[in-house]
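Student: Contents of final-v4.cif (mmCIF, C-alpha atoms (C1' of nucleotides)):
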```
data_run
#
loop_
_atom_site.label_atom_id
_atom_site.label_comp_id
_atom_site.auth_asym_id
_atom_site.auth_seq_id
_atom_site.Cartn_x
_atom_site.Cartn_y
_atom_site.Cartn_z
CA MET V 1 279.65 49.01 217.18
CA ASP V 2 279.07 51.44 214.40
CA ASP V 3 280.28 50.18 211.05
CA THR V 4 279.73 53.31 208.99
CA PRO V 5 282.68 53.64 206.65
CA LEU V 6 285.05 56.28 207.95
CA ASN V 7 285.40 59.43 205.97
CA LEU V 8 288.45 59.38 203.78
CA GLY V 9 289.89 62.49 205.38
CA LEU V 10 290.18 60.80 208.73
CA LEU V 11 291.40 57.60 207.11
CA LEU V 12 294.25 59.57 205.58
CA PHE V 13 295.00 61.44 208.76
CA ILE V 14 295.36 58.42 211.03
CA PRO V 15 298.38 56.84 209.33
CA TYR V 16 299.87 60.25 208.61
CA ARG V 17 299.78 61.02 212.28
CA ALA V 18 301.25 57.64 213.12
CA MET V 19 304.13 58.19 210.72
CA GLU V 20 304.82 61.64 212.11
CA SER V 21 304.87 60.38 215.69
CA ARG V 22 307.32 57.63 214.83
CA VAL V 23 309.68 59.99 213.07
CA PHE V 24 309.60 62.49 215.91
CA ALA V 25 310.20 59.86 218.54
CA ALA V 26 313.22 58.55 216.63
CA MET V 27 314.60 62.02 216.00
CA ALA V 28 314.33 62.88 219.67
CA GLU V 29 316.19 59.71 220.54
CA ALA V 30 318.95 60.59 218.08
CA GLY V 31 319.60 63.98 219.63
CA PHE V 32 317.30 66.01 217.42
CA GLY V 33 314.66 66.48 220.07
CA ASP V 34 314.67 70.23 219.65
CA VAL V 35 312.70 70.27 216.42
CA THR V 36 308.94 70.75 216.56
CA PRO V 37 306.34 69.44 214.10
CA ALA V 38 305.69 72.93 212.78
CA GLN V 39 309.38 73.48 212.13
CA ALA V 40 309.64 70.09 210.44
CA ARG V 41 306.77 70.83 208.11
CA VAL V 42 308.69 73.83 206.84
CA PHE V 43 312.07 72.10 206.85
CA GLN V 44 310.98 69.19 204.72
CA ARG V 45 309.92 71.58 201.98
CA ILE V 46 313.32 73.17 201.50
CA ALA V 47 314.49 72.49 197.95
CA PRO V 48 317.97 70.99 197.35
CA GLY V 49 319.52 74.31 196.36
CA GLY V 50 317.62 76.31 198.96
CA SER V 51 314.21 77.94 198.97
CA ARG V 52 312.86 81.42 199.45
CA LEU V 53 310.84 82.11 202.52
CA THR V 54 307.84 83.06 200.45
CA ASP V 55 307.91 79.73 198.63
CA LEU V 56 308.18 77.79 201.86
CA ALA V 57 305.24 79.70 203.28
CA GLU V 58 303.15 79.04 200.21
CA GLN V 59 303.92 75.33 200.12
CA ALA V 60 303.32 74.83 203.82
CA GLN V 61 300.19 76.94 203.55
CA ILE V 62 301.11 79.36 206.28
CA THR V 63 301.75 83.10 206.19
CA LYS V 64 305.22 84.31 205.40
CA GLN V 65 305.38 85.74 208.90
CA SER V 66 304.80 82.28 210.37
CA ALA V 67 307.34 80.79 208.00
CA GLY V 68 309.86 83.44 209.00
CA PHE V 69 309.25 82.72 212.64
CA LEU V 70 309.83 78.98 212.15
CA VAL V 71 312.88 79.48 209.96
CA ASP V 72 314.34 81.75 212.64
CA GLN V 73 313.99 78.91 215.11
CA LEU V 74 315.47 76.38 212.70
CA GLU V 75 318.36 78.75 212.08
CA ARG V 76 318.99 79.27 215.79
CA ALA V 77 318.95 75.49 216.27
CA GLY V 78 321.48 75.12 213.46
CA PHE V 79 319.34 73.17 211.02
CA VAL V 80 319.28 75.78 208.28
CA GLU V 81 321.19 78.85 207.19
CA ARG V 82 320.20 81.87 205.15
CA ALA V 83 322.22 83.12 202.21
CA PRO V 84 321.58 86.00 199.85
CA ASP V 85 319.80 84.99 196.68
CA PRO V 86 322.17 85.89 193.83
CA THR V 87 319.30 86.37 191.43
CA ASP V 88 317.27 88.79 193.54
CA ALA V 89 318.68 91.19 196.09
CA ARG V 90 315.42 91.34 198.01
CA ALA V 91 315.37 87.63 198.65
CA ARG V 92 317.39 85.20 200.71
CA LEU V 93 317.71 81.47 200.27
CA VAL V 94 316.97 79.19 203.18
CA ARG V 95 319.34 76.24 202.90
CA ILE V 96 319.83 73.07 204.87
CA SER V 97 323.01 73.39 206.94
CA GLU V 98 325.39 70.74 208.18
CA ARG V 99 323.34 69.77 211.23
CA GLY V 100 320.18 69.73 209.15
CA ALA V 101 321.85 67.53 206.55
CA ARG V 102 322.73 65.04 209.27
CA ALA V 103 319.07 64.82 210.31
CA VAL V 104 317.73 64.09 206.84
CA PRO V 105 318.99 60.51 206.34
CA LEU V 106 317.95 59.67 209.88
CA ALA V 107 314.38 60.73 209.23
CA ALA V 108 314.45 58.94 205.89
CA ALA V 109 315.51 55.73 207.62
CA VAL V 110 312.58 55.88 210.01
CA VAL V 111 310.18 56.55 207.18
CA ALA V 112 311.57 53.52 205.35
CA GLU V 113 311.19 51.42 208.48
CA VAL V 114 307.58 52.44 208.98
CA GLU V 115 306.81 51.90 205.31
CA ALA V 116 308.28 48.41 205.59
CA GLU V 117 306.00 47.66 208.53
CA TRP V 118 303.02 48.89 206.58
CA GLU V 119 303.98 46.77 203.62
CA ALA V 120 304.32 43.74 205.87
CA HIS V 121 300.76 44.34 207.06
CA LEU V 122 299.17 45.24 203.74
CA GLY V 123 301.14 43.02 201.41
CA LYS V 124 303.28 44.19 198.52
CA GLN V 125 300.40 44.59 196.12
CA ARG V 126 298.12 46.67 198.30
CA MET V 127 301.05 48.82 199.31
CA ARG V 128 301.85 49.49 195.70
CA GLN V 129 298.21 50.33 195.01
CA LEU V 130 298.15 52.68 197.98
CA ARG V 131 301.19 54.55 196.81
CA GLU V 132 299.90 54.76 193.29
CA ALA V 133 296.48 56.01 194.31
CA LEU V 134 298.01 58.65 196.58
CA THR V 135 300.44 59.76 193.91
CA ARG V 136 297.61 60.21 191.46
CA LEU V 137 295.50 61.93 194.04
CA ARG V 138 298.26 64.42 194.51
CA GLU V 139 297.71 65.60 190.96
CA ILE V 140 294.42 67.16 191.97
CA THR V 141 295.05 67.98 195.62
CA ASP V 142 298.53 69.48 195.67
CA PRO V 143 298.97 72.92 194.20
CA TYR V 144 302.75 72.51 194.53
CA GLN V 145 303.87 69.55 192.50
CA ARG V 146 307.61 69.77 193.05
CA ALA V 147 308.92 66.47 194.40
CA MET V 148 310.18 66.66 197.95
CA GLN V 149 312.11 64.23 200.07
CA MET B 1 312.80 67.90 188.12
CA ASP B 2 313.39 65.53 190.95
CA ASP B 3 311.50 62.28 190.59
CA THR B 4 312.32 60.73 193.95
CA PRO B 5 309.18 59.01 195.20
CA LEU B 6 307.58 61.12 197.90
CA ASN B 7 307.52 59.76 201.38
CA LEU B 8 304.23 58.18 202.24
CA GLY B 9 303.63 60.49 205.18
CA LEU B 10 303.56 63.53 202.96
CA LEU B 11 301.54 61.66 200.34
CA LEU B 12 298.90 61.01 202.98
CA PHE B 13 299.00 64.52 204.32
CA ILE B 14 298.46 66.32 201.03
CA PRO B 15 294.97 64.97 200.27
CA TYR B 16 294.04 65.08 203.95
CA ARG B 17 294.83 68.75 204.00
CA ALA B 18 292.92 69.31 200.78
CA MET B 19 289.84 67.59 202.20
CA GLU B 20 290.03 69.62 205.39
CA SER B 21 290.33 72.89 203.51
CA ARG B 22 287.33 72.10 201.36
CA VAL B 23 285.19 71.20 204.34
CA PHE B 24 286.17 74.34 206.23
CA ALA B 25 285.54 76.58 203.27
CA ALA B 26 282.07 75.11 202.81
CA MET B 27 281.25 75.31 206.50
CA ALA B 28 282.28 78.94 206.61
CA GLU B 29 280.04 79.66 203.66
CA ALA B 30 277.12 77.95 205.38
CA GLY B 31 277.38 80.09 208.48
CA PHE B 32 279.61 77.81 210.51
CA GLY B 33 282.73 79.90 210.06
CA ASP B 34 283.34 80.08 213.78
CA VAL B 35 284.72 76.58 214.14
CA THR B 36 288.47 76.02 214.04
CA PRO B 37 290.32 72.92 212.82
CA ALA B 38 291.36 72.04 216.35
CA GLN B 39 287.78 72.24 217.56
CA ALA B 40 286.61 70.14 214.62
CA ARG B 41 289.14 67.42 215.34
CA VAL B 42 287.59 67.04 218.77
CA PHE B 43 284.01 67.48 217.60
CA GLN B 44 284.17 64.74 214.99
CA ARG B 45 285.16 62.24 217.66
CA ILE B 46 282.07 62.70 219.80
CA ALA B 47 280.18 59.40 219.98
CA PRO B 48 276.44 59.29 219.16
CA GLY B 49 275.36 59.14 222.80
CA GLY B 50 278.00 61.59 223.96
CA SER B 51 281.61 61.17 225.05
CA ARG B 52 283.61 61.91 228.13
CA LEU B 53 286.24 64.58 227.94
CA THR B 54 288.96 62.11 228.79
CA ASP B 55 287.96 59.84 225.91
CA LEU B 56 287.92 62.72 223.47
CA ALA B 57 291.35 63.80 224.62
CA GLU B 58 292.72 60.30 224.24
CA GLN B 59 291.30 59.81 220.76
CA ALA B 60 292.43 63.19 219.52
CA GLN B 61 295.80 62.62 221.14
CA ILE B 62 295.81 65.81 223.14
CA THR B 63 295.81 66.40 226.89
CA LYS B 64 292.52 66.55 228.72
CA GLN B 65 293.28 70.17 229.48
CA SER B 66 293.48 70.95 225.78
CA ALA B 67 290.34 68.96 225.12
CA GLY B 68 288.56 70.84 227.89
CA PHE B 69 289.66 74.13 226.41
CA LEU B 70 288.34 73.19 222.96
CA VAL B 71 285.09 71.77 224.29
CA ASP B 72 284.56 75.02 226.22
CA GLN B 73 284.80 76.89 222.95
CA LEU B 74 282.50 74.47 221.16
CA GLU B 75 280.04 74.82 224.00
CA ARG B 76 280.15 78.61 223.91
CA ALA B 77 279.59 78.48 220.15
CA GLY B 78 276.59 76.22 220.70
CA PHE B 79 277.88 73.13 218.92
CA VAL B 80 277.94 70.87 221.96
CA GLU B 81 276.47 70.69 225.42
CA ARG B 82 277.61 68.99 228.59
CA ALA B 83 275.36 66.76 230.65
CA PRO B 84 276.09 64.82 233.81
CA ASP B 85 277.07 61.22 233.17
CA PRO B 86 274.41 59.12 234.92
CA THR B 87 276.86 56.29 235.46
CA ASP B 88 279.63 58.32 237.11
CA ALA B 89 279.17 61.48 239.11
CA ARG B 90 282.71 62.64 238.40
CA ALA B 91 282.19 62.63 234.67
CA ARG B 92 280.14 64.63 232.24
CA LEU B 93 279.09 63.68 228.74
CA VAL B 94 279.90 65.99 225.88
CA ARG B 95 277.02 65.75 223.43
CA ILE B 96 276.33 67.27 220.06
CA SER B 97 273.67 69.96 220.47
CA GLU B 98 271.09 71.21 218.01
CA ARG B 99 273.41 73.59 216.19
CA GLY B 100 276.12 70.94 216.07
CA ALA B 101 273.66 68.42 214.67
CA ARG B 102 272.83 70.84 211.86
CA ALA B 103 276.50 71.09 210.94
CA VAL B 104 277.09 67.34 210.69
CA PRO B 105 275.15 66.54 207.49
CA LEU B 106 276.58 69.64 205.86
CA ALA B 107 280.12 68.49 206.48
CA ALA B 108 279.20 64.99 205.36
CA ALA B 109 277.87 66.36 202.09
CA VAL B 110 281.13 68.14 201.34
CA VAL B 111 283.13 65.04 202.18
CA ALA B 112 280.94 63.05 199.78
CA GLU B 113 281.42 65.67 197.10
CA VAL B 114 285.20 65.65 197.45
CA GLU B 115 285.26 61.86 197.50
CA ALA B 116 283.25 61.85 194.28
CA GLU B 117 285.79 64.16 192.67
CA TRP B 118 288.59 61.92 193.77
CA GLU B 119 286.82 58.88 192.42
CA ALA B 120 286.29 60.63 189.11
CA HIS B 121 290.03 61.23 188.92
CA LEU B 122 291.23 57.86 190.18
CA GLY B 123 288.54 55.62 188.78
CA LYS B 124 286.24 53.38 190.78
CA GLN B 125 288.72 50.59 191.17
CA ARG B 126 291.68 52.60 192.42
CA MET B 127 289.37 54.49 194.75
CA ARG B 128 288.15 51.22 196.23
CA GLN B 129 291.73 50.02 196.59
CA LEU B 130 292.70 53.25 198.31
CA ARG B 131 289.90 52.98 200.81
CA GLU B 132 290.65 49.36 201.49
CA ALA B 133 294.36 49.92 201.99
CA LEU B 134 293.71 52.82 204.35
CA THR B 135 291.14 50.85 206.30
CA ARG B 136 293.59 48.02 206.76
CA LEU B 137 296.36 50.42 207.63
CA ARG B 138 294.20 51.76 210.37
CA GLU B 139 294.42 48.39 212.10
CA ILE B 140 298.05 49.03 212.91
CA THR B 141 298.15 52.82 213.12
CA ASP B 142 295.03 53.74 215.10
CA PRO B 143 294.99 52.93 218.79
CA TYR B 144 291.28 53.84 218.92
CA GLN B 145 289.36 51.62 216.58
CA ARG B 146 285.84 52.89 217.25
CA ALA B 147 284.20 53.93 213.98
CA MET B 148 283.58 57.63 213.69
CA GLN B 149 281.67 59.64 211.15
"C1'" DT X 1 313.50 106.89 182.75
"C1'" DT X 2 310.75 107.43 186.15
"C1'" DA X 3 306.31 106.48 188.45
"C1'" DG X 4 303.32 102.90 189.82
"C1'" DT X 5 302.87 98.10 190.93
"C1'" DT X 6 304.46 93.82 192.45
"C1'" DT X 7 307.34 90.92 195.27
"C1'" DG X 8 310.40 89.37 199.26
"C1'" DG X 9 310.75 89.95 203.70
"C1'" DT X 10 310.32 92.04 208.61
"C1'" DA X 11 307.90 94.21 212.82
"C1'" DA X 12 304.42 94.51 216.35
"C1'" DG X 13 300.76 92.74 218.71
"C1'" DA X 14 296.95 89.58 219.33
"C1'" DT X 15 294.87 85.08 219.42
"C1'" DT X 16 294.71 80.03 219.43
"C1'" DA X 17 296.25 75.67 220.69
"C1'" DT X 18 298.93 73.22 223.26
"C1'" DC X 19 301.69 71.68 227.29
"C1'" DT X 20 303.13 70.57 232.55
"C1'" DG X 21 302.12 70.44 237.24
"C1'" DA X 22 299.05 70.73 240.90
"C1'" DC X 23 294.59 70.27 242.69
"C1'" DT X 24 289.46 68.66 243.96
"C1'" DA X 25 285.88 65.42 243.95
"C1'" DC X 26 284.07 61.08 243.11
"C1'" DT X 27 284.76 55.84 242.46
"C1'" DT X 28 286.78 51.44 242.86
"C1'" DT X 29 289.31 48.08 245.18
"C1'" DA X 30 291.90 45.56 248.60
"C1'" DT L 1 286.97 51.87 255.16
"C1'" DA L 2 291.43 53.47 253.79
"C1'" DA L 3 294.27 53.65 249.70
"C1'" DA L 4 294.60 54.04 245.01
"C1'" DG L 5 292.73 55.37 240.75
"C1'" DT L 6 289.93 58.30 237.53
"C1'" DA L 7 287.29 62.63 235.72
"C1'" DG L 8 287.86 66.99 235.32
"C1'" DT L 9 289.47 71.91 236.44
"C1'" DC L 10 292.83 75.66 237.53
"C1'" DA L 11 297.05 78.30 236.81
"C1'" DG L 12 300.78 79.50 234.24
"C1'" DA L 13 303.90 78.84 230.33
"C1'" DT L 14 305.12 78.22 225.55
"C1'" DA L 15 304.45 77.38 220.57
"C1'" DA L 16 302.29 78.45 216.42
"C1'" DT L 17 299.59 81.01 214.09
"C1'" DC L 18 297.15 85.20 212.39
"C1'" DT L 19 296.27 90.39 210.88
"C1'" DT L 20 297.86 94.78 209.86
"C1'" DA L 21 301.36 97.63 208.64
"C1'" DC L 22 305.57 98.55 206.83
"C1'" DC L 23 310.29 98.82 203.97
"C1'" DA L 24 313.21 97.92 200.11
"C1'" DA L 25 314.23 95.93 195.75
"C1'" DA L 26 312.55 94.70 191.23
"C1'" DC L 27 309.71 94.79 187.48
"C1'" DT L 28 306.62 97.25 183.97
"C1'" DA L 29 304.79 100.45 181.12
"C1'" DA L 30 303.88 105.24 179.70
#
```
Before we go any further, please render this structure as structure tokens.
Tutor:
Amino acid sequence: MDDTPLNLGLLLFIPYRAMESRVFAAMAEAGFGDVTPAQARVFQRIAPGGSRLTDLAEQAQITKQSAGFLVDQLERAGFVERAPDPTDARARLVRISERGARAVPLAAAVVAEVEAEWEAHLGKQRMRQLREALTRLREITDPYQRAMQ
Amino acid sequence: MDDTPLNLGLLLFIPYRAMESRVFAAMAEAGFGDVTPAQARVFQRIAPGGSRLTDLAEQAQITKQSAGFLVDQLERAGFVERAPDPTDARARLVRISERGARAVPLAAAVVAEVEAEWEAHLGKQRMRQLREALTRLREITDPYQRAMQ
DNA sequence: TTAGTTTGGTAAGATTATCTGACTACTTTA
DNA sequence: TAAAGTAGTCAGATAATCTTACCAAACTAA
């Protein structure tokens, strides 16, 4: 077997992917099977008071056309709603709607569950170190520093 | 500002995405701009002596049809070649070709560069802790444990 | 205060990446 | 040696993304 250390990109991707799969499986089981990964990546970036399409696109690193397409789907599925932005007549705010709000704590619970499993495997200390290192890493790898759920 | 701790999935994704972007930008600049992220995710899983399509599909967690589609593109672009598998007449081995082999050290250099930047920001110790935590995490989140470059 | 520039968003059309289901050809096993 | 399993392809559908082009509202500066 090859024991070359794995590149850090892949090392980051593997658990990310595992987390995503777990959340999607649980959501599907809970009756939210009609949300796709691409939609979720936009959804989870909606700010508490609502976000503009352009901001969502920028944060998710997709074009505003793609973001619009995904928000249309989320709106049709009842997860979000659009409201005029009182501060700018050109813009509209994408907000989490009632059905979307019901999904949020469910997803959060699965994330917590997976994190607990990881902590059980790594130990409290290493888990804390992991979170700290990633949080610091974000300072230089995330152009959008706003905290998100 | 909201100071809720970010969920670990997103915390993993942010630097992963940053690493990927850097690598792709550098590859494009070096004349390998015709490779897509999806193709790269398959390519980087090719074993030294070549891999079967089915194995690549399994490791990348896509269907063999998708893997075949991406390998077709990689083959047309000259990054890989297919050879009969001497041990099984049904199978063929996907191998890195000359052009592909030229791309590998280039990508590795960018990865090393980004990792060095991260280490400069985190410090040697936290960087080591990060790598160790991720390596251990892989034990419970990666169904395919074979080391990859 | 109005003309030019920027910003928020949509429209149309193409391309890429992915899936499911069905199939062929070879291999393994009972 | 017949049945079951495995490697891969084919066909057709859908999802997610892009580029280019556009419109309307809002800023900005002469």
Student: Assuming the chain letters and numbering stay as they are in my file, what does the PyMOL selection byres ((chain X) within 10 of (chain B)) actually select? List them as a CSV table (one decimal) with C-alpha atoms (C1' of nucleotides), in the coordinates of the input.
Tutor:
```
chain,number,residue,atom,x,y,z
X,16,DT,C1',294.7,80.0,219.4
X,17,DA,C1',296.2,75.7,220.7
X,18,DT,C1',298.9,73.2,223.3
X,19,DC,C1',301.7,71.7,227.3
X,25,DA,C1',285.9,65.4,244.0
X,26,DC,C1',284.1,61.1,243.1
X,27,DT,C1',284.8,55.8,242.5
```
Student: Report as a PDB file with C-alpha atoms, in the coordinates of the input all protein, DNA and RNA residues lying within 7 Å of V:Leu93, evaluated on all atoms listed in the file, omitting residues in the same chain fewer than 5 positions from it.
Tutor:
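Saved file around.pdb follows:
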```
ATOM      1  CA  GLY V  50     317.620  76.310 198.960  1.00  0.00           C
ATOM      2  CA  SER V  51     314.210  77.940 198.970  1.00  0.00           C
ATOM      3  CA  ARG V  52     312.860  81.420 199.450  1.00  0.00           C
ATOM      4  CA  ARG V  82     320.200  81.870 205.150  1.00  0.00           C
ATOM      5  CA  ALA V  83     322.220  83.120 202.210  1.00  0.00           C
ATOM      6  CA  PRO V  84     321.580  86.000 199.850  1.00  0.00           C
ATOM      7  CA  ASP V  85     319.800  84.990 196.680  1.00  0.00           C
TER       8      ASP V  85
END
```
Student: With 4 Å on each side, where is the centre of the axis-aligned box around all listed atoms of stretch 133-145 of chain B, and how long are its edges in Å to one decimal, as JSON?
Tutor:
```
{"center_x": 293.8, "center_y": 50.9, "center_z": 210.5, "size_x": 16.8, "size_y": 13.8, "size_z": 24.9}
```
Student: How would you write as a VMD selection string the residues that get within 10 Å of (296.2, 60.5, 206.8) in the file's frame, counting all atoms listed in the file?
Tutor: (chain V and resid 8 to 19) or (chain B and resid 8 to 17 134 138)
Student: Store the residues picked out above in a file with C-alpha atoms, as a PDB file, in the frame of the given file.
Tutor:
```
ATOM      1  CA  LEU V   8     288.450  59.380 203.780  1.00  0.00           C
ATOM      2  CA  GLY V   9     289.890  62.490 205.380  1.00  0.00           C
ATOM      3  CA  LEU V  10     290.180  60.800 208.730  1.00  0.00           C
ATOM      4  CA  LEU V  11     291.400  57.600 207.110  1.00  0.00           C
ATOM      5  CA  LEU V  12     294.250  59.570 205.580  1.00  0.00           C
ATOM      6  CA  PHE V  13     295.000  61.440 208.760  1.00  0.00           C
ATOM      7  CA  ILE V  14     295.360  58.420 211.030  1.00  0.00           C
ATOM      8  CA  PRO V  15     298.380  56.840 209.330  1.00  0.00           C
ATOM      9  CA  TYR V  16     299.870  60.250 208.610  1.00  0.00           C
ATOM     10  CA  ARG V  17     299.780  61.020 212.280  1.00  0.00           C
ATOM     11  CA  ALA V  18     301.250  57.640 213.120  1.00  0.00           C
ATOM     12  CA  MET V  19     304.130  58.190 210.720  1.00  0.00           C
TER      13      MET V  19
ATOM     14  CA  LEU B   8     304.230  58.180 202.240  1.00  0.00           C
ATOM     15  CA  GLY B   9     303.630  60.490 205.180  1.00  0.00           C
ATOM     16  CA  LEU B  10     303.560  63.530 202.960  1.00  0.00           C
ATOM     17  CA  LEU B  11     301.540  61.660 200.340  1.00  0.00           C
ATOM     18  CA  LEU B  12     298.900  61.010 202.980  1.00  0.00           C
ATOM     19  CA  PHE B  13     299.000  64.520 204.320  1.00  0.00           C
ATOM     20  CA  ILE B  14     298.460  66.320 201.030  1.00  0.00           C
ATOM     21  CA  PRO B  15     294.970  64.970 200.270  1.00  0.00           C
ATOM     22  CA  TYR B  16     294.040  65.080 203.950  1.00  0.00           C
ATOM     23  CA  ARG B  17     294.830  68.750 204.000  1.00  0.00           C
ATOM     24  CA  LEU B 134     293.710  52.820 204.350  1.00  0.00           C
ATOM     25  CA  ARG B 138     294.200  51.760 210.370  1.00  0.00           C
TER      26      ARG B 138
END
```
Student: Could you jot down the atom CA of V:Glu115 to atom CA of V:Arg128 separation for me, Å, one decimal place?
Tutor: 11.1 Å
Student: Residues picked by the PyMOL selection byres ((chain V and resi 100) around 9) here, as a short mmCIF file (atom, residue, chain, number, x, y, z; two decimals) with C-alpha atoms, in the coordinates of the input?
Tutor:
```
data_model
loop_
_atom_site.label_atom_id
_atom_site.label_comp_id
_atom_site.auth_asym_id
_atom_site.auth_seq_id
_atom_site.Cartn_x
_atom_site.Cartn_y
_atom_site.Cartn_z
CA PHE V 43 312.07 72.10 206.85
CA LEU V 74 315.47 76.38 212.70
CA GLY V 78 321.48 75.12 213.46
CA PHE V 79 319.34 73.17 211.02
CA VAL V 80 319.28 75.78 208.28
CA ILE V 96 319.83 73.07 204.87
CA SER V 97 323.01 73.39 206.94
CA GLU V 98 325.39 70.74 208.18
CA ARG V 99 323.34 69.77 211.23
CA ALA V 101 321.85 67.53 206.55
CA ARG V 102 322.73 65.04 209.27
CA ALA V 103 319.07 64.82 210.31
CA VAL V 104 317.73 64.09 206.84
#
```
Student: Give me the residues within 12 Å of V:Glu113 as an MDAnalysis selection string, counting all atoms listed in the file and dropping any in the same chain fewer than 3 places off.
Tutor: (chainID V and resid 19 22:23 26 106:110 116:120) or (chainID B and resid 7:8)
Student: Would you translate the PyMOL selection byres ((chain L and resi 2-13) around 8) into the concrete set of residues it matches in this file, as number ranges by chain?
Tutor: B: 53-54, 90-91; X: 23, 27-29; L: 1, 14
Student: Enter the distance from atom CA of B:Ala47 to atom CA of B:Asp72, in Å, rounded to one decimal.
Tutor: 17.4 Å
Student: Output stretch 120-135 of chain V with N, CA and C atoms present, as an mmCIF file, in the frame of the given file.
Tutor:
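Produced file selection_7.cif, reproduced below:
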```cif
data_model
loop_
_atom_site.group_PDB
_atom_site.id
_atom_site.type_symbol
_atom_site.label_atom_id
_atom_site.label_comp_id
_atom_site.auth_asym_id
_atom_site.auth_seq_id
_atom_site.Cartn_x
_atom_site.Cartn_y
_atom_site.Cartn_z
ATOM 1 N N ALA V 120 304.452 45.073 205.274
ATOM 2 C CA ALA V 120 304.320 43.740 205.870
ATOM 3 C C ALA V 120 302.864 43.468 206.244
ATOM 4 N N HIS V 121 302.163 44.518 206.659
ATOM 5 C CA HIS V 121 300.760 44.340 207.060
ATOM 6 C C HIS V 121 299.827 44.278 205.856
ATOM 7 N N LEU V 122 300.093 45.127 204.883
ATOM 8 C CA LEU V 122 299.170 45.240 203.740
ATOM 9 C C LEU V 122 299.465 44.230 202.643
ATOM 10 N N GLY V 123 300.715 43.815 202.552
ATOM 11 C CA GLY V 123 301.140 43.020 201.410
ATOM 12 C C GLY V 123 301.698 43.952 200.340
ATOM 13 N N LYS V 124 302.583 43.390 199.539
ATOM 14 C CA LYS V 124 303.280 44.190 198.520
ATOM 15 C C LYS V 124 302.297 44.865 197.570
ATOM 16 N N GLN V 125 301.293 44.074 197.155
ATOM 17 C CA GLN V 125 300.400 44.590 196.120
ATOM 18 C C GLN V 125 299.576 45.777 196.616
ATOM 19 N N ARG V 126 298.953 45.592 197.780
ATOM 20 C CA ARG V 126 298.120 46.670 198.300
ATOM 21 C C ARG V 126 298.947 47.912 198.598
ATOM 22 N N MET V 127 300.174 47.680 199.019
ATOM 23 C CA MET V 127 301.050 48.820 199.310
ATOM 24 C C MET V 127 301.337 49.591 198.026
ATOM 25 N N ARG V 128 301.590 48.852 196.992
ATOM 26 C CA ARG V 128 301.850 49.490 195.700
ATOM 27 C C ARG V 128 300.625 50.270 195.229
ATOM 28 N N GLN V 129 299.453 49.652 195.409
ATOM 29 C CA GLN V 129 298.210 50.330 195.010
ATOM 30 C C GLN V 129 297.993 51.596 195.824
ATOM 31 N N LEU V 130 298.310 51.505 197.116
ATOM 32 C CA LEU V 130 298.150 52.680 197.980
ATOM 33 C C LEU V 130 299.025 53.819 197.489
ATOM 34 N N ARG V 131 300.277 53.504 197.254
ATOM 35 C CA ARG V 131 301.190 54.550 196.810
ATOM 36 C C ARG V 131 300.765 55.136 195.466
ATOM 37 N N GLU V 132 300.308 54.270 194.607
ATOM 38 C CA GLU V 132 299.900 54.760 193.290
ATOM 39 C C GLU V 132 298.669 55.656 193.398
ATOM 40 N N ALA V 133 297.698 55.206 194.169
ATOM 41 C CA ALA V 133 296.480 56.010 194.310
ATOM 42 C C ALA V 133 296.809 57.374 194.921
ATOM 43 N N LEU V 134 297.661 57.386 195.934
ATOM 44 C CA LEU V 134 298.010 58.650 196.580
ATOM 45 C C LEU V 134 298.787 59.558 195.632
ATOM 46 N N THR V 135 299.657 58.963 194.857
ATOM 47 C CA THR V 135 300.440 59.760 193.910
ATOM 48 C C THR V 135 299.519 60.408 192.873
#
```
